Structures are given as C-alpha cells and as structure tokens.
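See below for protein-v4.txt, which holds compact mmCIF, N, CA and C atoms.
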# COMPACT_ATOMS: atom_id res chain seq x y z
N GLY A 1 -20.09 46.08 -14.15
CA GLY A 1 -19.12 46.90 -14.85
C GLY A 1 -19.51 48.37 -14.78
N ILE A 2 -18.68 49.17 -15.36
CA ILE A 2 -18.89 50.62 -15.35
C ILE A 2 -19.25 51.08 -16.76
N ARG A 3 -20.14 52.05 -16.83
CA ARG A 3 -20.52 52.61 -18.12
C ARG A 3 -19.63 53.80 -18.42
N ILE A 4 -19.18 53.88 -19.66
CA ILE A 4 -18.42 55.04 -20.11
C ILE A 4 -19.32 55.82 -21.04
N PRO A 5 -19.50 57.14 -20.77
CA PRO A 5 -20.39 57.95 -21.61
C PRO A 5 -19.97 57.89 -23.07
N GLY A 6 -20.96 57.75 -23.93
CA GLY A 6 -20.71 57.71 -25.36
C GLY A 6 -20.28 56.35 -25.88
N ARG A 7 -20.14 55.36 -25.00
CA ARG A 7 -19.75 54.02 -25.44
C ARG A 7 -20.77 53.02 -24.95
N PRO A 8 -21.26 52.18 -25.84
CA PRO A 8 -22.26 51.20 -25.43
C PRO A 8 -21.66 50.13 -24.53
N GLY A 9 -22.50 49.54 -23.71
CA GLY A 9 -22.06 48.43 -22.87
C GLY A 9 -21.36 48.89 -21.61
N THR A 10 -20.71 47.98 -20.97
CA THR A 10 -20.02 48.28 -19.73
C THR A 10 -18.56 47.87 -19.84
N ILE A 11 -17.76 48.42 -18.94
CA ILE A 11 -16.35 48.09 -18.88
C ILE A 11 -16.13 47.24 -17.64
N ASP A 12 -15.41 46.16 -17.79
CA ASP A 12 -15.04 45.35 -16.64
C ASP A 12 -13.57 44.99 -16.76
N ALA A 13 -13.06 44.32 -15.77
CA ALA A 13 -11.64 44.00 -15.74
C ALA A 13 -11.22 43.18 -16.94
N ALA A 14 -12.04 42.22 -17.33
CA ALA A 14 -11.70 41.39 -18.49
C ALA A 14 -11.63 42.25 -19.75
N GLY A 15 -12.54 43.23 -19.86
CA GLY A 15 -12.54 44.12 -21.01
C GLY A 15 -11.33 45.03 -21.07
N LEU A 16 -10.72 45.27 -19.91
CA LEU A 16 -9.52 46.10 -19.87
C LEU A 16 -8.25 45.29 -20.12
N GLY A 17 -8.38 43.98 -20.20
CA GLY A 17 -7.21 43.15 -20.43
C GLY A 17 -6.42 42.87 -19.16
N VAL A 18 -7.09 42.95 -18.01
CA VAL A 18 -6.42 42.71 -16.73
C VAL A 18 -6.17 41.21 -16.58
N ALA A 19 -5.03 40.88 -15.96
CA ALA A 19 -4.70 39.48 -15.71
C ALA A 19 -5.80 38.83 -14.89
N PRO A 20 -6.11 37.57 -15.17
CA PRO A 20 -7.22 36.90 -14.48
C PRO A 20 -7.13 36.96 -12.95
N GLU A 21 -5.92 36.85 -12.39
CA GLU A 21 -5.79 36.87 -10.93
C GLU A 21 -6.07 38.26 -10.34
N GLU A 22 -6.10 39.30 -11.16
CA GLU A 22 -6.37 40.65 -10.66
C GLU A 22 -7.75 41.15 -11.05
N GLN A 23 -8.51 40.35 -11.79
CA GLN A 23 -9.81 40.81 -12.28
C GLN A 23 -10.79 41.11 -11.16
N ALA A 24 -10.81 40.30 -10.12
CA ALA A 24 -11.76 40.53 -9.02
C ALA A 24 -11.46 41.87 -8.36
N ASP A 25 -10.17 42.19 -8.13
CA ASP A 25 -9.81 43.46 -7.52
C ASP A 25 -10.24 44.64 -8.38
N VAL A 26 -9.98 44.55 -9.67
CA VAL A 26 -10.32 45.65 -10.57
C VAL A 26 -11.84 45.80 -10.67
N ASP A 27 -12.56 44.70 -10.73
CA ASP A 27 -14.03 44.79 -10.78
C ASP A 27 -14.57 45.44 -9.50
N ASN A 28 -13.99 45.10 -8.35
CA ASN A 28 -14.41 45.75 -7.09
C ASN A 28 -14.13 47.24 -7.13
N ALA A 29 -12.96 47.62 -7.61
CA ALA A 29 -12.61 49.05 -7.70
C ALA A 29 -13.56 49.77 -8.64
N LEU A 30 -13.85 49.16 -9.79
CA LEU A 30 -14.77 49.78 -10.74
C LEU A 30 -16.17 49.94 -10.14
N ARG A 31 -16.60 48.93 -9.40
CA ARG A 31 -17.93 48.99 -8.79
C ARG A 31 -17.99 50.10 -7.73
N GLN A 32 -16.95 50.22 -6.91
CA GLN A 32 -16.98 51.21 -5.84
C GLN A 32 -16.66 52.63 -6.32
N PHE A 33 -15.70 52.76 -7.23
CA PHE A 33 -15.20 54.09 -7.58
C PHE A 33 -15.53 54.52 -9.00
N GLY A 34 -16.18 53.68 -9.75
CA GLY A 34 -16.44 54.00 -11.15
C GLY A 34 -17.75 54.70 -11.42
N GLN A 35 -18.39 55.19 -10.39
CA GLN A 35 -19.65 55.90 -10.59
C GLN A 35 -19.37 57.32 -11.09
N SER A 36 -20.24 57.81 -11.94
CA SER A 36 -20.00 59.13 -12.54
C SER A 36 -20.00 60.25 -11.51
N ARG A 37 -20.71 60.11 -10.42
CA ARG A 37 -20.76 61.16 -9.40
C ARG A 37 -20.14 60.67 -8.09
N PHE A 38 -19.02 60.00 -8.19
CA PHE A 38 -18.36 59.47 -7.01
C PHE A 38 -17.88 60.62 -6.13
N ASP A 39 -18.16 60.51 -4.83
CA ASP A 39 -17.78 61.55 -3.86
C ASP A 39 -16.76 60.95 -2.90
N GLU A 40 -15.50 61.37 -3.06
CA GLU A 40 -14.41 60.80 -2.25
C GLU A 40 -14.62 61.05 -0.77
N ALA A 41 -15.00 62.28 -0.42
CA ALA A 41 -15.16 62.64 0.99
C ALA A 41 -16.26 61.79 1.63
N ALA A 42 -17.36 61.60 0.93
CA ALA A 42 -18.45 60.79 1.46
C ALA A 42 -18.00 59.34 1.64
N TRP A 43 -17.20 58.84 0.70
CA TRP A 43 -16.70 57.47 0.79
C TRP A 43 -15.81 57.30 2.03
N VAL A 44 -14.90 58.26 2.26
CA VAL A 44 -14.01 58.20 3.43
C VAL A 44 -14.83 58.28 4.72
N ASP A 45 -15.80 59.19 4.77
CA ASP A 45 -16.66 59.30 5.96
C ASP A 45 -17.39 57.98 6.22
N ASP A 46 -17.92 57.40 5.17
CA ASP A 46 -18.63 56.13 5.32
C ASP A 46 -17.69 55.02 5.79
N PHE A 47 -16.47 55.00 5.23
CA PHE A 47 -15.50 53.98 5.64
C PHE A 47 -15.23 54.07 7.14
N PHE A 48 -14.98 55.28 7.65
CA PHE A 48 -14.65 55.42 9.06
C PHE A 48 -15.86 55.29 9.98
N LYS A 49 -17.06 55.40 9.43
CA LYS A 49 -18.26 55.12 10.23
C LYS A 49 -18.38 53.61 10.48
N ARG A 50 -17.93 52.82 9.50
CA ARG A 50 -18.08 51.37 9.61
C ARG A 50 -16.81 50.66 10.07
N HIS A 51 -15.68 51.36 10.07
CA HIS A 51 -14.40 50.76 10.45
C HIS A 51 -13.67 51.66 11.45
N ASN A 52 -12.73 51.07 12.17
CA ASN A 52 -11.92 51.92 13.05
C ASN A 52 -10.65 52.32 12.33
N GLU A 53 -9.86 53.21 12.97
CA GLU A 53 -8.67 53.74 12.30
C GLU A 53 -7.62 52.67 12.03
N PHE A 54 -7.66 51.54 12.75
CA PHE A 54 -6.69 50.47 12.55
C PHE A 54 -6.94 49.70 11.24
N ASP A 55 -8.16 49.85 10.70
CA ASP A 55 -8.48 49.20 9.41
C ASP A 55 -7.98 50.01 8.21
N ALA A 56 -7.63 51.28 8.45
CA ALA A 56 -7.23 52.18 7.35
C ALA A 56 -6.00 51.69 6.60
N PRO A 57 -4.89 51.26 7.27
CA PRO A 57 -3.73 50.81 6.50
C PRO A 57 -4.04 49.62 5.59
N GLY A 58 -4.87 48.71 6.05
CA GLY A 58 -5.25 47.57 5.21
C GLY A 58 -6.03 48.03 3.99
N MET A 59 -6.91 49.01 4.19
CA MET A 59 -7.69 49.54 3.06
C MET A 59 -6.78 50.29 2.10
N VAL A 60 -5.79 51.00 2.63
CA VAL A 60 -4.84 51.71 1.77
C VAL A 60 -4.10 50.70 0.89
N ARG A 61 -3.64 49.59 1.49
CA ARG A 61 -2.95 48.56 0.70
C ARG A 61 -3.88 48.00 -0.38
N LYS A 62 -5.15 47.77 0.00
CA LYS A 62 -6.12 47.24 -0.97
C LYS A 62 -6.34 48.24 -2.10
N LEU A 63 -6.47 49.52 -1.77
CA LEU A 63 -6.68 50.54 -2.80
C LEU A 63 -5.45 50.65 -3.71
N GLU A 64 -4.26 50.57 -3.13
CA GLU A 64 -3.04 50.62 -3.93
C GLU A 64 -2.95 49.41 -4.86
N LYS A 65 -3.38 48.26 -4.36
CA LYS A 65 -3.36 47.05 -5.19
C LYS A 65 -4.35 47.22 -6.36
N TRP A 66 -5.54 47.73 -6.05
CA TRP A 66 -6.53 47.97 -7.09
C TRP A 66 -5.98 48.97 -8.11
N GLN A 67 -5.34 50.03 -7.62
CA GLN A 67 -4.79 51.05 -8.51
C GLN A 67 -3.73 50.44 -9.43
N GLY A 68 -2.85 49.62 -8.88
CA GLY A 68 -1.84 48.96 -9.71
C GLY A 68 -2.45 48.06 -10.76
N SER A 69 -3.47 47.31 -10.37
CA SER A 69 -4.16 46.43 -11.33
C SER A 69 -4.83 47.24 -12.43
N MET A 70 -5.45 48.36 -12.04
CA MET A 70 -6.11 49.22 -13.03
C MET A 70 -5.09 49.79 -14.01
N LYS A 71 -3.96 50.23 -13.49
CA LYS A 71 -2.92 50.78 -14.37
C LYS A 71 -2.44 49.75 -15.37
N LYS A 72 -2.22 48.53 -14.90
CA LYS A 72 -1.79 47.47 -15.81
C LYS A 72 -2.84 47.23 -16.90
N GLY A 73 -4.10 47.14 -16.46
CA GLY A 73 -5.18 46.90 -17.42
C GLY A 73 -5.32 48.03 -18.41
N LEU A 74 -5.26 49.26 -17.90
CA LEU A 74 -5.39 50.40 -18.80
C LEU A 74 -4.20 50.50 -19.75
N ARG A 75 -3.02 50.18 -19.26
CA ARG A 75 -1.83 50.19 -20.11
C ARG A 75 -2.03 49.21 -21.26
N GLY A 76 -2.55 48.03 -20.95
CA GLY A 76 -2.81 47.04 -21.99
C GLY A 76 -3.86 47.52 -22.98
N ALA A 77 -4.92 48.15 -22.44
CA ALA A 77 -5.99 48.66 -23.32
C ALA A 77 -5.47 49.78 -24.21
N VAL A 78 -4.64 50.66 -23.66
CA VAL A 78 -4.07 51.75 -24.45
C VAL A 78 -3.16 51.19 -25.53
N LEU A 79 -2.34 50.21 -25.19
CA LEU A 79 -1.46 49.60 -26.18
C LEU A 79 -2.27 48.97 -27.32
N GLU A 80 -3.35 48.29 -26.96
CA GLU A 80 -4.20 47.68 -27.99
C GLU A 80 -4.80 48.75 -28.90
N GLN A 81 -5.29 49.85 -28.31
CA GLN A 81 -5.86 50.93 -29.11
C GLN A 81 -4.79 51.57 -29.99
N TYR A 82 -3.58 51.70 -29.46
CA TYR A 82 -2.48 52.27 -30.24
C TYR A 82 -2.18 51.38 -31.44
N GLU A 83 -2.21 50.07 -31.23
CA GLU A 83 -1.98 49.15 -32.35
C GLU A 83 -3.04 49.33 -33.42
N TYR A 84 -4.31 49.51 -33.00
CA TYR A 84 -5.38 49.77 -33.97
C TYR A 84 -5.12 51.08 -34.70
N PHE A 85 -4.67 52.10 -33.95
CA PHE A 85 -4.39 53.40 -34.54
C PHE A 85 -3.29 53.28 -35.60
N VAL A 86 -2.21 52.57 -35.28
CA VAL A 86 -1.11 52.41 -36.22
C VAL A 86 -1.59 51.70 -37.48
N GLU A 87 -2.38 50.66 -37.30
CA GLU A 87 -2.90 49.92 -38.46
C GLU A 87 -3.81 50.82 -39.31
N ALA A 88 -4.68 51.58 -38.66
CA ALA A 88 -5.57 52.49 -39.39
C ALA A 88 -4.75 53.57 -40.11
N SER A 89 -3.71 54.04 -39.48
CA SER A 89 -2.85 55.05 -40.09
C SER A 89 -2.19 54.50 -41.35
N LYS A 90 -1.73 53.25 -41.29
CA LYS A 90 -1.13 52.62 -42.47
C LYS A 90 -2.16 52.52 -43.60
N GLU A 91 -3.38 52.12 -43.23
CA GLU A 91 -4.44 51.99 -44.24
C GLU A 91 -4.74 53.35 -44.88
N MET A 92 -4.78 54.40 -44.05
CA MET A 92 -5.07 55.73 -44.58
C MET A 92 -3.95 56.21 -45.50
N THR A 93 -2.71 55.89 -45.17
CA THR A 93 -1.58 56.26 -46.02
C THR A 93 -1.69 55.55 -47.36
N THR A 94 -2.00 54.25 -47.32
CA THR A 94 -2.16 53.48 -48.56
C THR A 94 -3.31 54.06 -49.39
N MET A 95 -4.42 54.35 -48.74
CA MET A 95 -5.56 54.92 -49.46
C MET A 95 -5.20 56.27 -50.06
N GLY A 96 -4.42 57.07 -49.34
CA GLY A 96 -4.00 58.37 -49.85
C GLY A 96 -3.17 58.23 -51.12
N ARG A 97 -2.25 57.26 -51.13
CA ARG A 97 -1.45 57.01 -52.33
C ARG A 97 -2.34 56.56 -53.49
N GLU A 98 -3.28 55.67 -53.17
CA GLU A 98 -4.17 55.17 -54.23
C GLU A 98 -5.03 56.29 -54.80
N VAL A 99 -5.51 57.16 -53.94
CA VAL A 99 -6.32 58.29 -54.41
C VAL A 99 -5.47 59.21 -55.28
N ALA A 100 -4.21 59.45 -54.89
CA ALA A 100 -3.33 60.29 -55.70
C ALA A 100 -3.10 59.67 -57.07
N THR A 101 -2.89 58.36 -57.11
CA THR A 101 -2.70 57.67 -58.40
C THR A 101 -3.95 57.78 -59.26
N LEU A 102 -5.11 57.56 -58.64
CA LEU A 102 -6.37 57.69 -59.39
C LEU A 102 -6.56 59.11 -59.92
N ARG A 103 -6.17 60.07 -59.12
CA ARG A 103 -6.30 61.47 -59.56
C ARG A 103 -5.41 61.72 -60.78
N GLN A 104 -4.19 61.19 -60.76
CA GLN A 104 -3.29 61.35 -61.91
C GLN A 104 -3.90 60.71 -63.16
N LEU A 105 -4.50 59.53 -62.99
CA LEU A 105 -5.13 58.87 -64.14
C LEU A 105 -6.30 59.67 -64.67
N VAL A 106 -7.10 60.21 -63.75
CA VAL A 106 -8.25 61.02 -64.18
C VAL A 106 -7.77 62.28 -64.88
N ASP A 107 -6.71 62.91 -64.35
CA ASP A 107 -6.16 64.11 -64.99
C ASP A 107 -5.66 63.80 -66.40
N ALA A 108 -5.00 62.64 -66.58
CA ALA A 108 -4.52 62.24 -67.91
C ALA A 108 -5.70 62.03 -68.86
N GLN A 109 -6.75 61.40 -68.38
CA GLN A 109 -7.93 61.18 -69.22
C GLN A 109 -8.58 62.52 -69.58
N LEU A 110 -8.62 63.42 -68.62
CA LEU A 110 -9.21 64.74 -68.86
C LEU A 110 -8.41 65.49 -69.93
N GLU A 111 -7.08 65.41 -69.87
CA GLU A 111 -6.25 66.04 -70.89
C GLU A 111 -6.52 65.44 -72.26
N THR A 112 -6.68 64.12 -72.30
CA THR A 112 -6.97 63.44 -73.57
C THR A 112 -8.29 63.92 -74.14
N VAL A 113 -9.30 63.99 -73.29
CA VAL A 113 -10.63 64.44 -73.74
C VAL A 113 -10.55 65.89 -74.20
N GLN A 114 -9.83 66.73 -73.45
CA GLN A 114 -9.69 68.13 -73.85
C GLN A 114 -9.00 68.24 -75.22
N GLY A 115 -7.97 67.41 -75.41
CA GLY A 115 -7.27 67.41 -76.69
C GLY A 115 -8.17 66.95 -77.82
N MET A 116 -9.00 65.96 -77.56
CA MET A 116 -9.90 65.45 -78.59
C MET A 116 -10.97 66.47 -78.94
N ARG A 117 -11.33 67.34 -78.02
CA ARG A 117 -12.34 68.36 -78.30
C ARG A 117 -11.84 69.37 -79.33
N THR A 118 -10.54 69.56 -79.40
CA THR A 118 -9.99 70.54 -80.34
C THR A 118 -9.88 69.98 -81.76
N ILE A 119 -10.05 68.67 -81.91
CA ILE A 119 -9.95 68.06 -83.24
C ILE A 119 -11.27 68.26 -83.98
N ASP A 120 -11.18 68.75 -85.21
CA ASP A 120 -12.36 68.93 -86.04
C ASP A 120 -12.48 67.69 -86.93
N PHE A 121 -13.18 66.69 -86.40
CA PHE A 121 -13.30 65.42 -87.14
C PHE A 121 -14.06 65.58 -88.45
N ALA A 122 -15.04 66.47 -88.48
CA ALA A 122 -15.82 66.67 -89.71
C ALA A 122 -14.92 67.19 -90.82
N ALA A 123 -14.08 68.14 -90.52
CA ALA A 123 -13.17 68.69 -91.53
C ALA A 123 -12.13 67.66 -91.94
N ALA A 124 -11.65 66.90 -90.98
CA ALA A 124 -10.62 65.90 -91.28
C ALA A 124 -11.15 64.82 -92.22
N PHE A 125 -12.39 64.42 -92.09
CA PHE A 125 -12.95 63.38 -92.97
C PHE A 125 -13.47 63.96 -94.29
N ALA A 126 -13.76 65.23 -94.32
CA ALA A 126 -14.29 65.85 -95.53
C ALA A 126 -13.17 66.18 -96.52
N ASP A 127 -11.96 66.35 -96.08
CA ASP A 127 -10.84 66.72 -96.95
C ASP A 127 -10.30 65.50 -97.68
N PRO A 128 -10.36 65.46 -99.01
CA PRO A 128 -9.89 64.28 -99.76
C PRO A 128 -8.37 64.30 -99.97
N VAL A 129 -7.63 64.34 -98.90
CA VAL A 129 -6.17 64.32 -98.99
C VAL A 129 -5.69 62.94 -98.60
N ALA A 130 -4.65 62.48 -99.25
CA ALA A 130 -4.12 61.15 -98.95
C ALA A 130 -3.56 61.15 -97.53
N ASP A 131 -3.74 60.00 -96.88
CA ASP A 131 -3.16 59.90 -95.53
C ASP A 131 -1.70 59.52 -95.64
N ASP A 132 -1.06 59.24 -94.56
CA ASP A 132 0.37 58.94 -94.54
C ASP A 132 0.73 57.69 -95.33
N TYR A 133 -0.21 56.83 -95.63
CA TYR A 133 0.08 55.59 -96.34
C TYR A 133 -0.26 55.69 -97.84
N SER A 134 -0.54 56.91 -98.29
CA SER A 134 -0.90 57.18 -99.69
C SER A 134 -2.06 56.31 -100.15
N TYR A 135 -3.02 56.15 -99.30
CA TYR A 135 -4.21 55.37 -99.65
C TYR A 135 -5.29 56.36 -100.06
N TYR A 136 -5.88 56.11 -101.19
CA TYR A 136 -6.98 56.94 -101.66
C TYR A 136 -8.22 56.09 -101.71
N SER A 137 -9.32 56.68 -101.40
CA SER A 137 -10.56 55.92 -101.48
C SER A 137 -10.93 55.74 -102.95
N ASP A 138 -11.84 54.84 -103.21
CA ASP A 138 -12.29 54.58 -104.58
C ASP A 138 -12.92 55.83 -105.18
N ASP A 139 -13.60 56.62 -104.35
CA ASP A 139 -14.24 57.82 -104.84
C ASP A 139 -13.22 58.80 -105.39
N MET A 140 -12.10 58.94 -104.72
CA MET A 140 -11.09 59.91 -105.13
C MET A 140 -10.39 59.49 -106.44
N MET A 141 -10.33 58.23 -106.70
CA MET A 141 -9.63 57.75 -107.90
C MET A 141 -10.58 57.61 -109.08
N GLY A 142 -11.84 57.90 -108.88
CA GLY A 142 -12.80 57.77 -109.97
C GLY A 142 -13.13 56.33 -110.26
N MET A 143 -12.97 55.47 -109.31
CA MET A 143 -13.16 54.04 -109.51
C MET A 143 -14.62 53.64 -109.47
N ASP A 144 -15.51 54.43 -108.88
CA ASP A 144 -16.89 53.96 -108.80
C ASP A 144 -17.59 54.10 -110.15
N ASP A 145 -16.96 54.73 -111.15
CA ASP A 145 -17.56 54.79 -112.48
C ASP A 145 -17.36 53.47 -113.24
N MET A 146 -16.50 52.62 -112.76
CA MET A 146 -16.14 51.41 -113.48
C MET A 146 -17.06 50.25 -113.15
N SER A 147 -18.11 50.42 -112.52
CA SER A 147 -18.94 49.29 -112.16
C SER A 147 -19.62 48.64 -113.31
Exercise: express the given structure as structure tokens:
Amino acid sequence: GIRIPGRPGTIDAAGLGVAPEEQADVDNALRQFGQSRFDEAAWVDDFFKRHNEFDAPGMVRKLEKWQGSMKKGLRGAVLEQYEYFVEASKEMTTMGREVATLRQLVDAQLETVQGMRTIDFAAAFADPVADDYSYYSDDMMGMDDMS
C-alpha cells in the first residue's frame, strides 16, 4: 500500500472501497505511482527502455483503467467521509443547542443568586412583624411567661 503523510498505516484498494474485481489494478497503480517522489519522465524513459513503441497503446489502456478504478474508489472514500462529516455536523449542532440551554439555566441561577444577595436575612428575622398569615411567635405574644 501507499503511505499518506500524517496518517498512520497504508492505503490500499480495499481501503479505498474499490470493487474487488478492480483491487489488483488499483494496488498496482498505487505501488507504481504512489511514491512521494514519483518522477513521471523517469518512468516513461524506463518504460521505453524495456518496451517498444507498439507496447505503448496497451500501457495507455492499462493506465486509463487504473485511473478509472482509482476515481471510483476515491469517489466512494470521499462519499464515506462526507457522510461522517454530515453526522459530525449534526452532533455539533445538537451540542450547540444543549450548550445554549445550559447557559440559559446557568444565567437564571446566577440571577437568582444575585437576587438572594440583596436580601438582608438578618434584618428580616430580627423584625417582630407578623407575616402574611398573621402568625406570631410565642415570644411576641408573651406566651413564654406562662410556663
């Protein structure tokens, strides 16, 4: 297989999602042309050193077949990655909504805490005024003298 910089492992026809009947062609193409410093001119010179000009049309057909197989495989790989992207995008949108909801809840709690800070609980409990239900403590009614 071929190594892609920044990605562990190797890439082969099966990894690209190429149809099984085209995998051998794509693996051959990757082996011959997938080198990081591939030199096209040197490859052509080498081909014509080992073959005559009558072999060129057959090689052109083979290269075109390999190219077609690679395109199919890459199209499949791109589609698969796009599906992952769409799914991740949906997840990010959902997470964004959830974060916004959490932020609203935190803001409401913060407002509540801020409001509670303005209440003087010591003064409210120290003042012997009847509450809304007209309930007076025993101390206020002079009831603790009756023991």
Rounded to one decimal, what separation in Å do you get between atom CA of Ser69 of chain A and atom N of Val26 of chain A?
6.3 Å
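You will find atom CA of Lys72 of chain A at 22.8 Å from atom CA of Glu87 of chain A.
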Quick one, how far is atom CA of Glu21 of chain A from atom N of Leu74 of chain A?
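These atoms are spaced 14.2 Å apart.
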Filtered DSSP result for segment 19-69 of chain A, state alpha helix (DSSP H), as a ChimeraX atom specification
/A:23-33,40-50,56-69
Write the residues of the selection above to a file with N, CA and C atoms, as a compact mmCIF listing (two decimals), in the coordinates of the input.
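Saved as result-v3.txt:
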# COMPACT_ATOMS: atom_id res chain seq x y z
N GLN A 23 -8.51 40.35 -11.79
CA GLN A 23 -9.81 40.81 -12.28
C GLN A 23 -10.79 41.11 -11.16
N ALA A 24 -10.81 40.30 -10.12
CA ALA A 24 -11.76 40.53 -9.02
C ALA A 24 -11.46 41.87 -8.36
N ASP A 25 -10.17 42.19 -8.13
CA ASP A 25 -9.81 43.46 -7.52
C ASP A 25 -10.24 44.64 -8.38
N VAL A 26 -9.98 44.55 -9.67
CA VAL A 26 -10.32 45.65 -10.57
C VAL A 26 -11.84 45.80 -10.67
N ASP A 27 -12.56 44.70 -10.73
CA ASP A 27 -14.03 44.79 -10.78
C ASP A 27 -14.57 45.44 -9.50
N ASN A 28 -13.99 45.10 -8.35
CA ASN A 28 -14.41 45.75 -7.09
C ASN A 28 -14.13 47.24 -7.13
N ALA A 29 -12.96 47.62 -7.61
CA ALA A 29 -12.61 49.05 -7.70
C ALA A 29 -13.56 49.77 -8.64
N LEU A 30 -13.85 49.16 -9.79
CA LEU A 30 -14.77 49.78 -10.74
C LEU A 30 -16.17 49.94 -10.14
N ARG A 31 -16.60 48.93 -9.40
CA ARG A 31 -17.93 48.99 -8.79
C ARG A 31 -17.99 50.10 -7.73
N GLN A 32 -16.95 50.22 -6.91
CA GLN A 32 -16.98 51.21 -5.84
C GLN A 32 -16.66 52.63 -6.32
N PHE A 33 -15.70 52.76 -7.23
CA PHE A 33 -15.20 54.09 -7.58
C PHE A 33 -15.53 54.52 -9.00
N GLU A 40 -15.50 61.37 -3.06
CA GLU A 40 -14.41 60.80 -2.25
C GLU A 40 -14.62 61.05 -0.77
N ALA A 41 -15.00 62.28 -0.42
CA ALA A 41 -15.16 62.64 0.99
C ALA A 41 -16.26 61.79 1.63
N ALA A 42 -17.36 61.60 0.93
CA ALA A 42 -18.45 60.79 1.46
C ALA A 42 -18.00 59.34 1.64
N TRP A 43 -17.20 58.84 0.70
CA TRP A 43 -16.70 57.47 0.79
C TRP A 43 -15.81 57.30 2.03
N VAL A 44 -14.90 58.26 2.26
CA VAL A 44 -14.01 58.20 3.43
C VAL A 44 -14.83 58.28 4.72
N ASP A 45 -15.80 59.19 4.77
CA ASP A 45 -16.66 59.30 5.96
C ASP A 45 -17.39 57.98 6.22
N ASP A 46 -17.92 57.40 5.17
CA ASP A 46 -18.63 56.13 5.32
C ASP A 46 -17.69 55.02 5.79
N PHE A 47 -16.47 55.00 5.23
CA PHE A 47 -15.50 53.98 5.64
C PHE A 47 -15.23 54.07 7.14
N PHE A 48 -14.98 55.28 7.65
CA PHE A 48 -14.65 55.42 9.06
C PHE A 48 -15.86 55.29 9.98
N LYS A 49 -17.06 55.40 9.43
CA LYS A 49 -18.26 55.12 10.23
C LYS A 49 -18.38 53.61 10.48
N ARG A 50 -17.93 52.82 9.50
CA ARG A 50 -18.08 51.37 9.61
C ARG A 50 -16.81 50.66 10.07
N ALA A 56 -7.63 51.28 8.45
CA ALA A 56 -7.23 52.18 7.35
C ALA A 56 -6.00 51.69 6.60
N PRO A 57 -4.89 51.26 7.27
CA PRO A 57 -3.73 50.81 6.50
C PRO A 57 -4.04 49.62 5.59
N GLY A 58 -4.87 48.71 6.05
CA GLY A 58 -5.25 47.57 5.21
C GLY A 58 -6.03 48.03 3.99
N MET A 59 -6.91 49.01 4.19
CA MET A 59 -7.69 49.54 3.06
C MET A 59 -6.78 50.29 2.10
N VAL A 60 -5.79 51.00 2.63
CA VAL A 60 -4.84 51.71 1.77
C VAL A 60 -4.10 50.70 0.89
N ARG A 61 -3.64 49.59 1.49
CA ARG A 61 -2.95 48.56 0.70
C ARG A 61 -3.88 48.00 -0.38
N LYS A 62 -5.15 47.77 0.00
CA LYS A 62 -6.12 47.24 -0.97
C LYS A 62 -6.34 48.24 -2.10
N LEU A 63 -6.47 49.52 -1.77
CA LEU A 63 -6.68 50.54 -2.80
C LEU A 63 -5.45 50.65 -3.71
N GLU A 64 -4.26 50.57 -3.13
CA GLU A 64 -3.04 50.62 -3.93
C GLU A 64 -2.95 49.41 -4.86
N LYS A 65 -3.38 48.26 -4.36
CA LYS A 65 -3.36 47.05 -5.19
C LYS A 65 -4.35 47.22 -6.36
N TRP A 66 -5.54 47.73 -6.05
CA TRP A 66 -6.53 47.97 -7.09
C TRP A 66 -5.98 48.97 -8.11
N GLN A 67 -5.34 50.03 -7.62
CA GLN A 67 -4.79 51.05 -8.51
C GLN A 67 -3.73 50.44 -9.43
N GLY A 68 -2.85 49.62 -8.88
CA GLY A 68 -1.84 48.96 -9.71
C GLY A 68 -2.45 48.06 -10.76
N SER A 69 -3.47 47.31 -10.37
CA SER A 69 -4.16 46.43 -11.33
C SER A 69 -4.83 47.24 -12.43
So for segment 74-77 of chain A, what box centre and size do we get, axis-aligned, 3 Å extra on each of the six sides, every listed atom, Å to one decimal, as AutoDock Vina command-line options?
--center_x -3.9 --center_y 48.8 --center_z -21.1 --size_x 10.2 --size_y 9.5 --size_z 12.3
Please list as a list of chain:residue names every residue within 8 Å of segment 55-65 of chain A, counting only N, CA and C atoms and excluding residues in the same chain fewer than 4 positions away.
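The contact residues come out as A:Asp25, A:Val26, A:Ala29, A:His51, A:Ser69, A:Met70, A:Lys71.
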